[in-house]
Each structure stands twice: as structure tokens, then as C-alpha cells.
>>> print(open('structure05.cif').read())   # mmCIF, C-alpha atoms
data_query
loop_
_atom_site.label_atom_id
_atom_site.label_comp_id
_atom_site.auth_asym_id
_atom_site.auth_seq_id
_atom_site.Cartn_x
_atom_site.Cartn_y
_atom_site.Cartn_z
CA MET D 1 76.07 36.51 -34.90
CA ASN D 2 76.78 37.81 -38.42
CA ARG D 3 74.72 40.32 -40.43
CA ARG D 4 73.03 37.60 -42.51
CA THR D 5 71.82 35.83 -39.38
CA VAL D 6 70.44 39.09 -38.01
CA LEU D 7 68.58 39.79 -41.28
CA ILE D 8 67.09 36.30 -41.39
CA GLY D 9 66.01 36.58 -37.77
CA THR D 10 64.46 39.99 -38.36
CA SER D 11 62.60 38.71 -41.44
CA ALA D 12 61.27 35.73 -39.52
CA ILE D 13 59.98 37.99 -36.77
CA GLY D 14 58.34 40.24 -39.37
CA ILE D 15 56.63 37.30 -41.09
CA ALA D 16 55.43 35.94 -37.77
CA ALA D 17 54.09 39.36 -36.79
CA PHE D 18 52.31 39.70 -40.14
CA ALA D 19 50.78 36.23 -39.82
CA GLY D 20 49.70 37.00 -36.29
CA GLY D 21 48.22 40.29 -37.42
CA ALA D 22 46.34 38.59 -40.25
CA LEU D 23 44.95 36.04 -37.81
CA VAL D 24 43.82 38.81 -35.47
CA LEU D 25 42.15 40.64 -38.36
CA THR D 26 40.36 37.46 -39.43
CA ARG D 27 39.17 36.83 -35.89
CA ASN D 28 38.10 40.46 -35.55
CA ARG D 29 36.16 40.26 -38.81
CA GLN D 30 34.39 37.11 -37.63
CA ALA D 31 33.64 38.70 -34.26
CA GLU D 32 32.22 41.79 -35.96
CA ALA D 33 30.05 39.63 -38.23
CA ASP D 34 28.79 37.61 -35.25
CA THR D 35 28.01 40.79 -33.32
CA LEU D 36 26.13 42.36 -36.23
CA ALA D 37 24.20 39.16 -36.85
CA ALA D 38 23.17 38.99 -33.22
CA ALA D 39 22.18 42.66 -33.12
CA ALA D 40 20.25 42.80 -36.40
CA PRO D 41 16.66 41.57 -36.11
CA ALA D 42 15.79 38.71 -38.42
CA VAL D 43 13.18 39.31 -41.11
CA GLU D 44 10.43 36.77 -41.69
CA THR D 45 11.53 34.34 -44.39
CA ASP D 46 8.23 34.64 -46.26
CA MET D 47 8.87 38.34 -46.85
CA LEU D 48 12.41 37.74 -48.12
CA VAL D 49 12.00 34.58 -50.17
CA ARG D 50 8.91 34.53 -52.35
CA GLY D 51 8.10 31.66 -54.64
CA HIS D 52 8.24 33.93 -57.70
CA ALA D 53 11.73 35.28 -56.97
CA PRO D 54 14.63 34.20 -59.21
CA SER D 55 16.85 31.93 -57.14
CA PHE D 56 20.00 29.90 -57.65
CA GLY D 57 21.24 27.01 -55.57
CA PRO D 58 19.46 24.31 -53.55
CA GLU D 59 16.30 25.33 -51.69
CA ASP D 60 17.61 23.48 -48.63
CA ALA D 61 21.05 25.12 -48.71
CA PRO D 62 22.26 25.98 -45.18
CA VAL D 63 22.98 29.60 -46.20
CA THR D 64 20.55 31.92 -47.98
CA LEU D 65 21.68 35.23 -49.46
CA VAL D 66 18.88 37.55 -50.57
CA GLU D 67 19.72 40.56 -52.73
CA PHE D 68 17.30 43.43 -53.28
CA PHE D 69 18.38 44.46 -56.73
CA ASP D 70 17.66 47.26 -59.21
CA PRO D 71 18.68 46.53 -62.84
CA SER D 72 19.47 50.24 -63.30
CA CYS D 73 21.63 50.49 -60.16
CA GLU D 74 25.34 51.06 -60.73
CA ALA D 75 26.27 49.50 -57.37
CA CYS D 76 24.22 46.39 -58.22
CA ARG D 77 26.21 46.13 -61.42
CA ALA D 78 29.45 46.40 -59.43
CA PHE D 79 28.40 43.70 -56.95
CA HIS D 80 27.14 41.31 -59.63
CA PRO D 81 30.54 39.59 -60.22
CA VAL D 82 30.87 39.04 -56.45
CA VAL D 83 27.44 37.40 -56.27
CA GLN D 84 28.43 35.24 -59.24
CA ASP D 85 31.66 34.32 -57.46
CA ILE D 86 29.68 33.29 -54.36
CA ARG D 87 27.49 31.04 -56.49
CA GLU D 88 30.54 29.44 -58.08
CA GLN D 89 32.43 28.94 -54.82
CA PHE D 90 29.48 27.58 -52.84
CA PRO D 91 27.13 25.90 -55.34
CA ASP D 92 25.66 23.50 -52.77
CA GLN D 93 25.98 25.55 -49.59
CA VAL D 94 24.44 28.88 -50.65
CA ARG D 95 21.11 29.76 -52.18
CA VAL D 96 21.03 33.19 -53.83
CA VAL D 97 17.62 34.84 -54.13
CA MET D 98 17.04 38.01 -56.14
CA ARG D 99 14.27 40.47 -55.34
CA TYR D 100 13.45 43.51 -57.46
CA ALA D 101 13.68 47.04 -56.06
CA VAL D 102 12.65 49.43 -58.82
CA PHE D 103 13.99 52.68 -57.43
CA HIS D 104 15.20 54.17 -60.73
CA GLU D 105 13.18 55.46 -63.64
CA GLY D 106 12.79 52.73 -66.21
CA SER D 107 13.63 49.92 -63.80
CA ASP D 108 10.11 48.53 -63.90
CA GLU D 109 10.48 48.04 -67.64
CA ALA D 110 13.89 46.42 -67.09
CA VAL D 111 12.21 43.96 -64.73
CA ARG D 112 9.66 43.20 -67.45
CA ILE D 113 12.56 42.42 -69.78
CA LEU D 114 14.14 40.11 -67.22
CA GLU D 115 10.90 38.35 -66.38
CA THR D 116 9.99 37.75 -70.02
CA ALA D 117 13.53 36.42 -70.42
CA ARG D 118 12.96 34.08 -67.48
CA MET D 119 9.83 32.75 -69.20
CA GLN D 120 12.09 31.81 -72.11
CA ASP D 121 14.90 30.37 -69.93
CA LYS D 122 17.09 33.31 -70.94
CA PHE D 123 17.24 35.10 -67.58
CA GLU D 124 20.96 34.90 -66.92
CA PRO D 125 22.27 35.78 -70.40
CA VAL D 126 19.85 38.71 -70.59
CA LEU D 127 20.73 39.87 -67.07
CA ASP D 128 24.45 39.70 -67.84
CA ALA D 129 23.96 41.62 -71.10
CA LEU D 130 21.84 44.34 -69.48
CA LEU D 131 24.37 44.85 -66.70
CA GLU D 132 27.34 44.80 -69.04
CA ARG D 133 25.81 47.59 -71.13
CA GLN D 134 23.98 49.32 -68.30
CA PRO D 135 25.75 52.69 -68.81
CA GLU D 136 24.29 52.84 -72.32
CA TRP D 137 20.62 52.38 -71.46
CA ALA D 138 20.23 53.24 -67.75
CA VAL D 139 20.73 56.96 -68.24
CA HIS D 140 19.54 58.87 -65.19
CA GLY D 141 16.57 61.03 -66.10
CA ALA D 142 16.37 59.65 -69.63
CA PRO D 143 16.57 55.84 -69.65
CA ARG D 144 16.76 54.24 -73.09
CA MET D 145 14.47 51.28 -72.66
CA ASP D 146 14.24 50.71 -76.40
CA LEU D 147 17.98 50.05 -76.33
CA ALA D 148 17.58 47.77 -73.30
CA TRP D 149 15.12 45.67 -75.30
CA GLN D 150 17.56 45.55 -78.22
CA ILE D 151 20.33 44.39 -75.90
CA ALA D 152 18.06 41.66 -74.56
CA ALA D 153 17.19 40.57 -78.10
CA ALA D 154 20.89 40.34 -78.97
CA ALA D 155 21.30 38.09 -75.90
CA GLY D 156 18.72 35.68 -77.26
CA LEU D 157 15.33 37.05 -76.15
CA ASP D 158 12.44 36.31 -78.51
CA MET D 159 11.07 39.83 -78.87
CA GLU D 160 7.68 38.86 -80.27
CA LYS D 161 6.91 36.55 -77.35
CA ALA D 162 8.37 39.02 -74.85
CA GLN D 163 6.29 41.96 -76.03
CA THR D 164 3.16 39.83 -75.73
CA ALA D 165 4.06 38.77 -72.18
CA ARG D 166 5.49 42.00 -70.75
CA LEU D 167 2.15 43.19 -69.30
CA SER D 168 1.02 39.77 -68.11
CA PRO D 169 -0.70 39.54 -64.70
CA ASP D 170 2.14 37.38 -63.41
CA ILE D 171 4.76 40.10 -64.03
CA VAL D 172 2.47 42.80 -62.65
CA GLY D 173 2.00 40.64 -59.56
CA ILE D 174 5.76 40.22 -59.10
CA LEU D 175 6.35 43.97 -59.31
CA ASN D 176 3.53 44.67 -56.85
CA GLN D 177 4.57 41.98 -54.35
CA ASP D 178 8.22 43.03 -54.37
CA ALA D 179 7.23 46.68 -53.88
CA ALA D 180 5.00 45.72 -50.94
CA ASP D 181 7.76 43.65 -49.30
CA ILE D 182 10.29 46.42 -49.79
CA ALA D 183 8.01 48.86 -48.02
CA ALA D 184 7.28 46.43 -45.18
CA ILE D 185 10.92 45.47 -44.63
CA GLY D 186 12.20 49.03 -45.02
CA VAL D 187 14.65 48.56 -47.89
CA ARG D 188 15.74 52.02 -49.03
CA GLN D 189 18.72 51.42 -51.29
CA THR D 190 20.24 48.88 -53.62
CA PRO D 191 21.88 46.55 -53.38
CA THR D 192 20.61 45.50 -49.95
CA PHE D 193 21.64 42.03 -48.81
CA PHE D 194 20.16 39.72 -46.19
CA LEU D 195 22.25 36.79 -44.99
CA ASN D 196 20.18 34.05 -43.37
CA GLY D 197 17.40 36.53 -42.68
CA ARG D 198 19.50 39.35 -41.24
CA GLN D 199 20.34 42.55 -43.07
CA MET D 200 24.01 43.08 -43.83
CA ARG D 201 25.26 46.60 -43.16
CA ASP D 202 28.33 48.59 -44.20
CA ILE D 203 29.29 45.94 -46.72
CA SER D 204 31.97 46.02 -49.35
CA MET D 205 32.62 43.57 -52.15
CA ASP D 206 35.34 41.93 -50.05
CA SER D 207 33.30 41.77 -46.86
CA LEU D 208 30.26 40.30 -48.65
CA LEU D 209 32.28 37.33 -49.82
CA ALA D 210 34.02 37.00 -46.46
CA ASP D 211 30.78 37.06 -44.48
CA VAL D 212 29.14 34.49 -46.74
CA ARG D 213 32.20 32.26 -46.38
CA SER D 214 32.01 32.62 -42.59
CA ALA D 215 28.32 31.67 -42.66
CA VAL D 216 29.11 28.60 -44.77
CA GLU D 217 31.89 27.53 -42.42
CA ALA D 218 29.60 27.97 -39.42
CA SER D 219 26.72 26.01 -40.97
#
>>> encode(input="structure05.cif", output="C-alpha cells")
Amino acid sequence: MNRRTVLIGTSAIGIAAFAGGALVLTRNRQAEADTLAAAAPAVETDMLVRGHAPSFGPEDAPVTLVEFFDPSCEACRAFHPVVQDIREQFPDQVRVVMRYAVFHEGSDEAVRILETARMQDKFEPVLDALLERQPEWAVHGAPRMDLAWQIAAAAGLDMEKAQTARLSPDIVGILNQDAADIAAIGVRQTPTFFLNGRQMRDISMDSLLADVRSAVEAS
């Protein structure tokens, strides 16, 4: 056996070991997800998915991902591209539902911006703009909500209509209902995700996508 043969054989063994290791990791990840899903108590659907909540994807999708979201939350901003990726990868298999968790100062006003944008069919462009420029307006201890409104206007929000609607009973009701559900469920931080009714714990951006994919494959 010459040196080249030995090197090729060694490489093949290494590749096989790597592939085997990757398979074991995948299986371990699935086993962990199944264990957590079995251990975590399911939350009543009515408390997670309200009729007023912004949602994307078919109502009868086999997988439902609920995100408790704060427009001022830096982690929510970081996870936003992952949630968008999930929507793009699984447009028919996953329904994404957003619930508001106004834990930061000024977040209630940010929700008013988003809800007035939704009334004008401008929810997504305004949401994307607010998150993109979040560091400019969501200043801890001194939020610049005037700037947040300007950002929304630049994204296409009709300011005159929005200012008239911002204190409407419908928006007040959404804020109150989401706050009540948060208290009842026990959500304490954002983002908090529920996958098919069960709270996801110790998530990362990679594991969120992987767990949703596993749920889709199992559905």
C-alpha cells in the first residue's frame, strides 16, 4: 500500500466519521426537541392565537409558531430575519402569529404605530422599517417615539389617518388583551416562542429554524 492509498483511506474514514457524527447530532437534536415538547405543558390555543393578532400563513397550517414580540426588543430584532426565513421556507406548512409584549418604555406607542399601519395594509413595511432603525428610536430610558413615527411615515404610513386612529378602542383592546394573556401564560421576556402550543426554551436562531423544520417534517 503506497502513501497515496493510505491518505485516501484515511480521508474516507474521516468523512465517514464526520457524516456519522452529523447524523448523530441531528438525531440528538430531534430527540431533545421531542423530549422538550413532551415535557412542556401545552397552552390553550385561545390564549395564544387571538383573532386580532397579526398572522401570516394558512389558518389550517399543520404547524403554528407564536411569537410574543416587543418592537423595542433587541433580541426580537435579531430573530426577525429567522422568522421571515421560516415564512419563506414553509409558506403553506407554517402559520406565524405575532403577539405584543410591551415590556420596554415606549413599546405601547410602537404597537399603536404598527396597528395603525395594519389598518392601512402597511404592517410589514412599517415593521421592517422600525426594526431596521430600532437603535435610533428605541433608546433605553429615553425612547424617541417622534422619530419612530417619522420612520413609519417614510415607510408609507399615512400620518393623518394614523394619528386619528392611534387611540381607537380596537387598539386599546388589543394592548389590554395581549397584556392579560401574557400575565396568564407567564411570558416574562421577549422573544418568547410557542411551537404548536408548547413553549420553546433555550432557543437560538439556528435551533428555532431547526425545530420548526422538524415540526413540519413530523406533521
>>> residues_around(input="structure05.cif", residues="D:Leu65", least_positions_apart="3", cutoff="9 Å", atoms="all atoms listed in the file", output="PyMOL selection string")
chain D and resi 94-98+193-197+212
>>> write_last_selection(input="structure05.cif", atoms="C-alpha atoms", output="tab-separated table (two decimals), keeping the file's coordinate frame")
chain	number	residue	atom	x	y	z
D	94	VAL	CA	24.44	28.88	-50.65
D	95	ARG	CA	21.11	29.76	-52.18
D	96	VAL	CA	21.03	33.19	-53.83
D	97	VAL	CA	17.62	34.84	-54.13
D	98	MET	CA	17.04	38.01	-56.14
D	193	PHE	CA	21.64	42.03	-48.81
D	194	PHE	CA	20.16	39.72	-46.19
D	195	LEU	CA	22.25	36.79	-44.99
D	196	ASN	CA	20.18	34.05	-43.37
D	197	GLY	CA	17.40	36.53	-42.68
D	212	VAL	CA	29.14	34.49	-46.74
>>> residues_around(input="structure05.cif", residues="D:Met119", least_positions_apart="5", cutoff="9 Å", atoms="only C-alpha atoms", output="CSV table (one decimal) with C-alpha atoms, in the frame of the given file")
chain,number,residue,atom,x,y,z
D,114,LEU,CA,14.1,40.1,-67.2
D,162,ALA,CA,8.4,39.0,-74.8
D,165,ALA,CA,4.1,38.8,-72.2
>>> residues_around(input="structure05.cif", residues="D:Val43", least_positions_apart="5", cutoff="12 Å", atoms="all atoms listed in the file", output="list in words")
Ala37, Leu48, Val49, Val66, Asp181, Ile182, Ala184, Ile185, Gly186, Val187, Phe193, Phe194, Leu195, Asn196, Gly197, Arg198, Gln199 and Met200 of chain D
>>> residues_around(input="structure05.cif", residues="stretch 133-137 of chain D", least_positions_apart="4", cutoff="12 Å", atoms="all atoms listed in the file", output="PyMOL selection string")
chain D and resi 70-78+105-107+109-110+126-129+141-152+154-155
>>> write_last_selection(input="structure05.cif", atoms="C-alpha atoms", output="mmCIF file, keeping the file's coordinate frame")
data_model
loop_
_atom_site.group_PDB
_atom_site.id
_atom_site.type_symbol
_atom_site.label_atom_id
_atom_site.label_comp_id
_atom_site.auth_asym_id
_atom_site.auth_seq_id
_atom_site.Cartn_x
_atom_site.Cartn_y
_atom_site.Cartn_z
ATOM 1 C CA ASP D 70 17.660 47.260 -59.210
ATOM 2 C CA PRO D 71 18.680 46.530 -62.840
ATOM 3 C CA SER D 72 19.470 50.240 -63.300
ATOM 4 C CA CYS D 73 21.630 50.490 -60.160
ATOM 5 C CA GLU D 74 25.340 51.060 -60.730
ATOM 6 C CA ALA D 75 26.270 49.500 -57.370
ATOM 7 C CA CYS D 76 24.220 46.390 -58.220
ATOM 8 C CA ARG D 77 26.210 46.130 -61.420
ATOM 9 C CA ALA D 78 29.450 46.400 -59.430
ATOM 10 C CA GLU D 105 13.180 55.460 -63.640
ATOM 11 C CA GLY D 106 12.790 52.730 -66.210
ATOM 12 C CA SER D 107 13.630 49.920 -63.800
ATOM 13 C CA GLU D 109 10.480 48.040 -67.640
ATOM 14 C CA ALA D 110 13.890 46.420 -67.090
ATOM 15 C CA VAL D 126 19.850 38.710 -70.590
ATOM 16 C CA LEU D 127 20.730 39.870 -67.070
ATOM 17 C CA ASP D 128 24.450 39.700 -67.840
ATOM 18 C CA ALA D 129 23.960 41.620 -71.100
ATOM 19 C CA GLY D 141 16.570 61.030 -66.100
ATOM 20 C CA ALA D 142 16.370 59.650 -69.630
ATOM 21 C CA PRO D 143 16.570 55.840 -69.650
ATOM 22 C CA ARG D 144 16.760 54.240 -73.090
ATOM 23 C CA MET D 145 14.470 51.280 -72.660
ATOM 24 C CA ASP D 146 14.240 50.710 -76.400
ATOM 25 C CA LEU D 147 17.980 50.050 -76.330
ATOM 26 C CA ALA D 148 17.580 47.770 -73.300
ATOM 27 C CA TRP D 149 15.120 45.670 -75.300
ATOM 28 C CA GLN D 150 17.560 45.550 -78.220
ATOM 29 C CA ILE D 151 20.330 44.390 -75.900
ATOM 30 C CA ALA D 152 18.060 41.660 -74.560
ATOM 31 C CA ALA D 154 20.890 40.340 -78.970
ATOM 32 C CA ALA D 155 21.300 38.090 -75.900
#
>>> closest_atom_pairs(input="structure05.cif", of="stretch 98-210 of chain D", to="stretch 55-58 of chain D", cutoff="12 Å", atoms="only C-alpha atoms", output="JSON lines")
{"residue": "D:Met98", "atom": "CA", "partner": "D:Ser55", "partner_atom": "CA", "distance": 6.2}
{"residue": "D:Arg99", "atom": "CA", "partner": "D:Ser55", "partner_atom": "CA", "distance": 9.1}
{"residue": "D:Arg118", "atom": "CA", "partner": "D:Ser55", "partner_atom": "CA", "distance": 11.3}
{"residue": "D:Phe123", "atom": "CA", "partner": "D:Ser55", "partner_atom": "CA", "distance": 10.9}
{"residue": "D:Glu124", "atom": "CA", "partner": "D:Phe56", "partner_atom": "CA", "distance": 10.6}
>>> atom_distance(input="structure05.cif", atom1="atom CA of D:Pro191", atom2="atom CA of D:Phe69")
5.3 Å
>>> residues_near_point(input="structure05.cif", point="(29.7, 29.8, -49.6)", cutoff="6 Å", atoms="all atoms listed in the file", output="number ranges by chain")
D: 86, 89-90, 93-94, 212-213, 216
>>> atom_distance(input="structure05.cif", atom1="atom CA of D:Thr190", atom2="atom CA of D:Leu131")
14.3 Å
>>> atom_distance(input="structure05.cif", atom1="atom CA of D:Gln84", atom2="atom CA of D:Lys161")
28.2 Å
>>> closest_residue(input="structure05.cif", among="D:Glu67, D:Asp46, D:Glu59, D:Glu88", to="D:Thr192", atoms="all atoms listed in the file")
D:Glu67
>>> build_atoms(input="structure05.cif", residues="stretch 103-127 of chain D", atoms="N, CA, C and O atoms", output="CSV table (one decimal), in the frame of the given file")
chain,number,residue,atom,x,y,z
D,103,PHE,N,13.8,51.3,-57.9
D,103,PHE,CA,14.0,52.7,-57.4
D,103,PHE,C,14.3,53.7,-58.5
D,103,PHE,O,14.2,54.9,-58.3
D,104,HIS,N,14.8,53.3,-59.7
D,104,HIS,CA,15.2,54.2,-60.7
D,104,HIS,C,14.1,54.2,-61.8
D,104,HIS,O,13.4,53.2,-62.0
D,105,GLU,N,14.1,55.3,-62.5
D,105,GLU,CA,13.2,55.5,-63.6
D,105,GLU,C,13.6,54.4,-64.7
D,105,GLU,O,14.7,54.3,-65.1
D,106,GLY,N,12.6,53.7,-65.2
D,106,GLY,CA,12.8,52.7,-66.2
D,106,GLY,C,13.1,51.3,-65.7
D,106,GLY,O,13.1,50.4,-66.4
D,107,SER,N,13.3,51.2,-64.4
D,107,SER,CA,13.6,49.9,-63.8
D,107,SER,C,12.5,48.9,-63.9
D,107,SER,O,12.7,47.7,-64.0
D,108,ASP,N,11.2,49.4,-63.8
D,108,ASP,CA,10.1,48.5,-63.9
D,108,ASP,C,10.1,47.9,-65.3
D,108,ASP,O,9.8,46.7,-65.4
D,109,GLU,N,10.4,48.6,-66.3
D,109,GLU,CA,10.5,48.0,-67.6
D,109,GLU,C,11.7,47.1,-67.8
D,109,GLU,O,11.5,46.0,-68.4
D,110,ALA,N,12.8,47.3,-67.1
D,110,ALA,CA,13.9,46.4,-67.1
D,110,ALA,C,13.5,45.1,-66.4
D,110,ALA,O,13.9,44.0,-66.9
D,111,VAL,N,12.7,45.2,-65.4
D,111,VAL,CA,12.2,44.0,-64.7
D,111,VAL,C,11.3,43.2,-65.7
D,111,VAL,O,11.4,41.9,-65.8
D,112,ARG,N,10.5,43.9,-66.5
D,112,ARG,CA,9.7,43.2,-67.4
D,112,ARG,C,10.5,42.5,-68.5
D,112,ARG,O,10.2,41.3,-68.9
D,113,ILE,N,11.6,43.1,-68.9
D,113,ILE,CA,12.6,42.4,-69.8
D,113,ILE,C,13.1,41.1,-69.1
D,113,ILE,O,13.1,40.1,-69.8
D,114,LEU,N,13.5,41.3,-67.9
D,114,LEU,CA,14.1,40.1,-67.2
D,114,LEU,C,13.1,39.0,-67.0
D,114,LEU,O,13.4,37.8,-67.1
D,115,GLU,N,11.9,39.4,-66.6
D,115,GLU,CA,10.9,38.4,-66.4
D,115,GLU,C,10.4,37.7,-67.7
D,115,GLU,O,10.2,36.5,-67.7
D,116,THR,N,10.3,38.4,-68.8
D,116,THR,CA,10.0,37.8,-70.0
D,116,THR,C,11.2,36.9,-70.5
D,116,THR,O,10.9,35.8,-71.0
D,117,ALA,N,12.4,37.3,-70.1
D,117,ALA,CA,13.5,36.4,-70.4
D,117,ALA,C,13.5,35.1,-69.6
D,117,ALA,O,13.8,34.1,-70.1
D,118,ARG,N,13.1,35.3,-68.3
D,118,ARG,CA,13.0,34.1,-67.5
D,118,ARG,C,11.9,33.1,-68.0
D,118,ARG,O,12.1,31.9,-67.9
D,119,MET,N,10.8,33.6,-68.6
D,119,MET,CA,9.8,32.8,-69.2
D,119,MET,C,10.4,31.9,-70.3
D,119,MET,O,9.9,30.9,-70.7
D,120,GLN,N,11.5,32.5,-71.0
D,120,GLN,CA,12.1,31.8,-72.1
D,120,GLN,C,13.4,31.1,-71.7
D,120,GLN,O,14.2,30.7,-72.6
D,121,ASP,N,13.6,31.0,-70.4
D,121,ASP,CA,14.9,30.4,-69.9
D,121,ASP,C,16.1,31.1,-70.4
D,121,ASP,O,17.2,30.5,-70.7
D,122,LYS,N,16.0,32.5,-70.5
D,122,LYS,CA,17.1,33.3,-70.9
D,122,LYS,C,17.5,34.3,-69.9
D,122,LYS,O,18.1,35.3,-70.2
D,123,PHE,N,17.1,34.1,-68.6
D,123,PHE,CA,17.2,35.1,-67.6
D,123,PHE,C,18.7,35.5,-67.4
D,123,PHE,O,19.0,36.7,-67.4
D,124,GLU,N,19.6,34.5,-67.2
D,124,GLU,CA,21.0,34.9,-66.9
D,124,GLU,C,21.7,35.6,-68.1
D,124,GLU,O,22.4,36.6,-67.9
D,125,PRO,N,21.6,35.1,-69.3
D,125,PRO,CA,22.3,35.8,-70.4
D,125,PRO,C,21.7,37.2,-70.6
D,125,PRO,O,22.5,38.1,-70.9
D,126,VAL,N,20.4,37.4,-70.4
D,126,VAL,CA,19.8,38.7,-70.6
D,126,VAL,C,20.3,39.6,-69.4
D,126,VAL,O,20.6,40.8,-69.6
D,127,LEU,N,20.3,39.1,-68.2
D,127,LEU,CA,20.7,39.9,-67.1
D,127,LEU,C,22.2,40.3,-67.3
D,127,LEU,O,22.5,41.5,-67.1
